[in-house]
Each structure stands twice: as structure tokens, then as C-alpha cells.
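Student: Have a look at the structure that comes next, please.
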Amino acid sequence: MIESIEISKFGGPEVMRRIEIPSPPLRLDGVRIQVIASGVNFADLMMRMGLYPEAPKPPFVPGYEVAGRVLEVGQAVKSIHPGDRVLGGSRFGGYTSEIVLPEYQVRKIPDRLSDTEAAAVPVNFLTAWMALHEMARIRKGDRVLIQSAAGGVGVAAIQIAAQAGARVVGLVGSSSKVGAIKALGASEVVLKSEWEEISDEQAGGFQVILDSTGGESLKRSMRRLSPTGRVVNFGASSSVSGPKRSLPHIISLLMNTSIVTPFKLMMENKGIFGLNLLQLLKEPQAGEFNPIYSAFDQIMERFVDGSFKVIVGKTFPLAQAGASHTYLQSRANIGKVVLLTTPKNN
């Protein structure tokens, strides 16, 4: 039996409960991982509240990414071996002590990364990479705005954009986060409260904006693009107003969400992309190119040579997953929130 954290029903952090379930079966291309660390993402909060359309119906085990050690592999697995330290992305099920993932979603952990740090890599760095390189097509000299720059995706995006030669502006919620974001490569850091008060004329002129908030923020982002600028929207964190879902708040958010038409984009010479990483984490088909797996390899190469770094803001025991959600929602973190298991001796 293995330990997992289940969302028993939609609601606040209290709906998360510890369960014991049988070990999952091993598929031919499967990698059985003894999970040591699991990443916590804002999407996990949204699915717990019933705000994530693709989440399974409760009860289910959330979690998009894990790191740990390989226990066994299926007969078709070539690149991974028992005993390897690995990280991987999962389509749910990551809040657990053991998981089976297909080989194509798993990569070896570079020696310079701990297991805890490795659990902070898949979702955040893949999201930031796909947004900046595949969608926004970032270029040297671009002026780039990164919202929630102190969050997991933000920490990754600041580094990726700065290393591409962009002039990076990061938005943060408090002055205590400014130094850490500048150290990652941001040329300028602005408090969110100030950003919302200054005029579009003062704050405009961005070639690329990563918007994780949605609602009124997305309207503002579109206004502050320069001609030929691109917004990549990859979240709707403004839909989370409390520990539980608020229908009046959701209705207000939808009412304040910009309606963008092709004609309007054409007249303003602007573009908008929507990014859903979960939809890209699918099995590669023969003859089909999915850029996410090429991106995964390039990201890992940069961790091998030390170009990228991880910031883990806080860790919690797996059994305290509910507390990790409360902490993440407080937006007090700089970097990733990670759950840690207590591995059994084999």
C-alpha cells in the first residue's frame, strides 16, 4: 500500500485527506518512482475548489510533478534504470509516495539538484519555456513583463527571459521579494499595487507579457503591449478569492474579462496566446512533433550546466498538503512550495 492525499470533495483545504491505496500497476513504458518530493501549484488550489475544468471528479489525487528514485521500469523503457534519481510531470496523482509515469514524462535529475529542488522543475520551467520561447518567440532586446515574478513560474520565467537577452520587468506583491527577483536577472521590479495605479502611458511598451491572473489584469496587459506585442495567458489566479469557490466572485471575474476579437487584434497589431500545459503533456505519436519534450530536454541541459536555478520557498510533509495550499494562497512564498514524503526502507 502507498500513501496519497485525496481531494474528497470540492471545498477548502480541509477536504484533503490522507488515504492508503494499492501500488499502481507497471505498464510496458512505465517508470515506478518512489516519490520523495511533490510540487504544489496554484492549479492544485483551483481544482480543489472546483475551478479547474479538466480535473477529475472527486475523489481524486491531485499533483502535477514529482521527484524521487526509480524502483522498477517496464520492459519497453530504455533511458531510465532502477536506482536512478528522476523527476517527472504527471497528469494528476502527484501527491503520493509512489507513482508510475510513462518514460516520455520522466528525466534524470542532475547531480547539482536535490530531490526537493527537482520537484520544482517540471511544471514551472516547462510553462515558462513554452510561454516565452514557443509562443511569444522572445528575442534579444524585447521588453518583457513577468507577473507574479516571485512565484514558481515567475522564478523560472525571469531566468529564461533574462538569458534570452530580454529587458525583464517583474511584478511582486511585497517589497521583501524585490532583491530575490533582481538577483535572478530582472532589470526592474515593480510592486503590484503600484503597477495597478500607474497609467497605461507610463507602463506601456512591452513586447511580451506573461499574464497568470486573468480578468481585469488581462485587459490591462493587452493595453500595455506595444504594436506587435504578445500576451501569453496561462492562468486565472484572480478566480481564487478565498479558501472555497465563490460564485459571485467568479461571475464578477467573467464580467471583467476582456472580449478579444480577431478584428480588434488586427487593428491594434497585437496578439494573445492561451497556454494549458496539461494539454501538451500527452503521449508522443509517431511522426508528430510535440515541442514540450524538446523543451524538457533543453531545460534539463541548463540545469546540468548550472544556467538555471531553483528557489524552494517552503516545504511541508505530505500529510500537511492542506496547510501547503493555505500557504501558497497567502502568496507569501518566494519560489516553489514542495511536499515531502517519508520514504519507506526497501
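Identifiers for the C-alpha cells are assigned positionally: chains receive A, B, ... in sequence, residues are indexed from 1 per chain, and ligands are indexed from 1 in the order shown.
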List every residue of segment 50-95 of chain A that has an atom at most 7 Å from any atom of segment 28-35 of chain A, giving for each one its closest atom pair and the distance in Å to one decimal, counting only C-alpha atoms, sorted by chain and then by ascending residue number, as JSON lines.
Tutor:
```
{"residue": "A:Val66", "atom": "CA", "partner": "A:Val35", "partner_atom": "CA", "distance": 6.3}
{"residue": "A:Ala67", "atom": "CA", "partner": "A:Val35", "partner_atom": "CA", "distance": 5.8}
{"residue": "A:Gly68", "atom": "CA", "partner": "A:Val35", "partner_atom": "CA", "distance": 4.5}
{"residue": "A:Arg69", "atom": "CA", "partner": "A:Gln34", "partner_atom": "CA", "distance": 5.2}
{"residue": "A:Val70", "atom": "CA", "partner": "A:Ile33", "partner_atom": "CA", "distance": 4.5}
{"residue": "A:Leu71", "atom": "CA", "partner": "A:Arg32", "partner_atom": "CA", "distance": 5.5}
{"residue": "A:Glu72", "atom": "CA", "partner": "A:Arg32", "partner_atom": "CA", "distance": 5.3}
{"residue": "A:Val73", "atom": "CA", "partner": "A:Val31", "partner_atom": "CA", "distance": 4.6}
{"residue": "A:Gly74", "atom": "CA", "partner": "A:Leu28", "partner_atom": "CA", "distance": 4.3}
{"residue": "A:Gln75", "atom": "CA", "partner": "A:Leu28", "partner_atom": "CA", "distance": 5.3}
{"residue": "A:Ala76", "atom": "CA", "partner": "A:Asp29", "partner_atom": "CA", "distance": 5.0}
{"residue": "A:Val77", "atom": "CA", "partner": "A:Asp29", "partner_atom": "CA", "distance": 5.2}
```
Student: For each of A:Phe10, A:Phe263, A:Tyr327, A:Trp129, take the minimum atom-to-atom distance to Ala295 of chain A, counting only C-alpha atoms, then give the residue where this is smallest.
Tutor: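 Of all the options, A:Trp129 lies closest to Ala295 of chain A.
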Student: Using Å and a single decimal, report how far atom CA of Glu20 of chain A sits from atom CA of Ser330 of chain A.
Tutor: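 Straight-line distance from atom CA of Ser330 of chain A to atom CA of Glu20 of chain A works out to 29.4 Å.
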Student: Name all residues at most 12 Å from Ala128 of chain A (count only C-alpha atoms; drop same-chain ones fewer than 6 positions away) and give them as number ranges by chain.
Tutor: A: 121-122, 134-138, 146-147, 149, 151-161, 209-212, 232-235, 275-277, 292, 295-296, 299
Student: Using the selection just defined, write its residues with C-alpha atoms as an mmCIF file, in the first residue's frame.
Tutor:
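Everything below was put into result.cif:
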```cif
data_model
loop_
_atom_site.group_PDB
_atom_site.id
_atom_site.type_symbol
_atom_site.label_atom_id
_atom_site.label_comp_id
_atom_site.auth_asym_id
_atom_site.auth_seq_id
_atom_site.Cartn_x
_atom_site.Cartn_y
_atom_site.Cartn_z
ATOM 1 C CA VAL A 121 11.272 21.994 -12.126
ATOM 2 C CA PRO A 122 8.711 20.301 -14.446
ATOM 3 C CA GLU A 134 7.334 28.623 -28.274
ATOM 4 C CA MET A 135 4.502 31.142 -28.088
ATOM 5 C CA ALA A 136 5.884 34.636 -27.502
ATOM 6 C CA ARG A 137 9.067 33.855 -29.513
ATOM 7 C CA ILE A 138 11.110 36.062 -27.229
ATOM 8 C CA ILE A 146 6.501 38.771 -15.775
ATOM 9 C CA GLN A 147 3.524 38.809 -13.416
ATOM 10 C CA ALA A 149 7.562 37.105 -10.543
ATOM 11 C CA GLY A 151 6.081 32.540 -7.732
ATOM 12 C CA GLY A 152 7.271 29.247 -9.188
ATOM 13 C CA VAL A 153 6.619 30.109 -12.840
ATOM 14 C CA GLY A 154 7.856 33.643 -12.279
ATOM 15 C CA VAL A 155 11.215 32.492 -10.910
ATOM 16 C CA ALA A 156 11.655 30.303 -13.996
ATOM 17 C CA ALA A 157 10.438 32.947 -16.451
ATOM 18 C CA ILE A 158 12.734 35.677 -15.110
ATOM 19 C CA GLN A 159 15.766 33.456 -15.735
ATOM 20 C CA ILE A 160 14.640 32.273 -19.162
ATOM 21 C CA ALA A 161 13.811 35.775 -20.367
ATOM 22 C CA ILE A 209 3.666 39.971 -21.125
ATOM 23 C CA LEU A 210 3.111 36.745 -19.187
ATOM 24 C CA ASP A 211 -0.304 37.024 -17.529
ATOM 25 C CA SER A 212 -1.228 34.459 -14.886
ATOM 26 C CA VAL A 232 0.575 34.744 -23.040
ATOM 27 C CA ASN A 233 -2.202 33.949 -20.567
ATOM 28 C CA PHE A 234 -1.571 30.750 -18.612
ATOM 29 C CA GLY A 235 -3.717 31.111 -15.512
ATOM 30 C CA LEU A 275 -1.282 28.163 -22.634
ATOM 31 C CA ASN A 276 -2.534 24.971 -20.961
ATOM 32 C CA LEU A 277 0.459 22.801 -20.116
ATOM 33 C CA ILE A 292 7.189 20.240 -24.954
ATOM 34 C CA ALA A 295 11.786 21.904 -24.256
ATOM 35 C CA PHE A 296 12.071 19.452 -21.349
ATOM 36 C CA ILE A 299 15.670 22.805 -19.669
#
```
Student: Can you tell me which residues surround Phe303 of chain A at a distance of at most 9 Å, considering only C-alpha atoms, apart from same-chain residues fewer than 3 positions away, and format the answer as a VMD selection string?
Tutor: chain A and resid 109 to 110 112 to 113 298 to 300 306 to 309
Student: Keeping only N, CA and C atoms, take the residues you just selected and write them out as a short mmCIF file (atom, residue, chain, number, x, y, z; two decimals), in the first residue's frame.
Tutor:
```cif
data_model
loop_
_atom_site.label_atom_id
_atom_site.label_comp_id
_atom_site.auth_asym_id
_atom_site.auth_seq_id
_atom_site.Cartn_x
_atom_site.Cartn_y
_atom_site.Cartn_z
N ILE A 109 17.60 13.40 -12.78
CA ILE A 109 17.90 14.61 -12.01
C ILE A 109 19.39 14.90 -12.09
N PRO A 110 19.78 16.11 -12.50
CA PRO A 110 21.21 16.47 -12.48
C PRO A 110 21.77 16.41 -11.07
N ARG A 112 23.58 18.36 -9.44
CA ARG A 112 23.60 19.60 -8.66
C ARG A 112 22.24 19.92 -8.02
N LEU A 113 21.18 19.16 -8.36
CA LEU A 113 19.86 19.41 -7.79
C LEU A 113 19.52 18.37 -6.72
N GLN A 298 15.94 20.57 -23.20
CA GLN A 298 16.76 21.78 -23.17
C GLN A 298 16.82 22.38 -21.77
N ILE A 299 15.70 22.31 -21.05
CA ILE A 299 15.67 22.80 -19.67
C ILE A 299 16.63 22.00 -18.80
N MET A 300 16.58 20.67 -18.93
CA MET A 300 17.46 19.84 -18.11
C MET A 300 18.93 20.08 -18.44
N GLY A 306 24.29 24.46 -14.96
CA GLY A 306 24.16 25.48 -13.92
C GLY A 306 23.56 26.79 -14.38
N SER A 307 23.03 26.86 -15.59
CA SER A 307 22.45 28.10 -16.10
C SER A 307 21.17 28.48 -15.34
N PHE A 308 20.39 27.48 -14.96
CA PHE A 308 19.14 27.71 -14.24
C PHE A 308 19.30 27.32 -12.78
N LYS A 309 18.53 27.96 -11.94
CA LYS A 309 18.50 27.61 -10.52
C LYS A 309 17.05 27.53 -10.04
#
```
Student: List every residue of segment 66-220 of chain A that DSSP, applied to the backbone of this structure, places in helix (DSSP H, G or I), and write the result as an MDAnalysis selection string.
Tutor: chainID A and resid 103:105 115:118 122:135 152:163 175:183 192:197 200:203 216:220
Student: Mind listing the strand (DSSP E) residues of segment 62-287 of chain A, per DSSP on the backbone, as a ChimeraX atom specification?
Tutor: /A:65-73,85-89,98-102,106-108,143-146,167-172,188-191,206-211,225-233,271-274
Student: Would you pick out the contacts of Ser237 of chain A at 8 Å or less, using only C-alpha atoms, so that residues sharing its chain but fewer than 4 positions from it are not included, and give the list as a ChimeraX atom specification?
Tutor: /A:42,212-214
Student: Between A:Met46, A:Ile334, A:Ala37, A:Val231, which has the minimum distance to Ser148 of chain A (counting only C-alpha atoms)?
Tutor: A:Ile334
Student: Taking only C-alpha atoms into account, name the residue in A:Pro25, A:Gly88, A:Pro291, A:Gly313 that is nearest to Lys177 of chain A.
Tutor: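 Using only C-alpha atoms, the shortest distance to Lys177 of chain A belongs to A:Gly313.
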Student: Which one of A:Val169, A:Ile19, A:Ile272, A:Val312 sits closest to Tyr95 of chain A if you count only C-alpha atoms?
Tutor: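 Closest to Tyr95 of chain A, using only C-alpha atoms: A:Ile19.
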Student: Please determine, counting only C-alpha atoms, which residue among A:Arg48, A:Arg18, A:Arg230, A:Arg85 has the shortest atom-to-atom distance to Pro243 of chain A.
Tutor: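 Smallest separation from Pro243 of chain A among the options: A:Arg48.
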Student: Nearest to Met49 of chain A: which of A:Asp142, A:Asp115, A:Glu98, A:Glu14 is it, counting only C-alpha atoms?
Tutor: A:Glu14
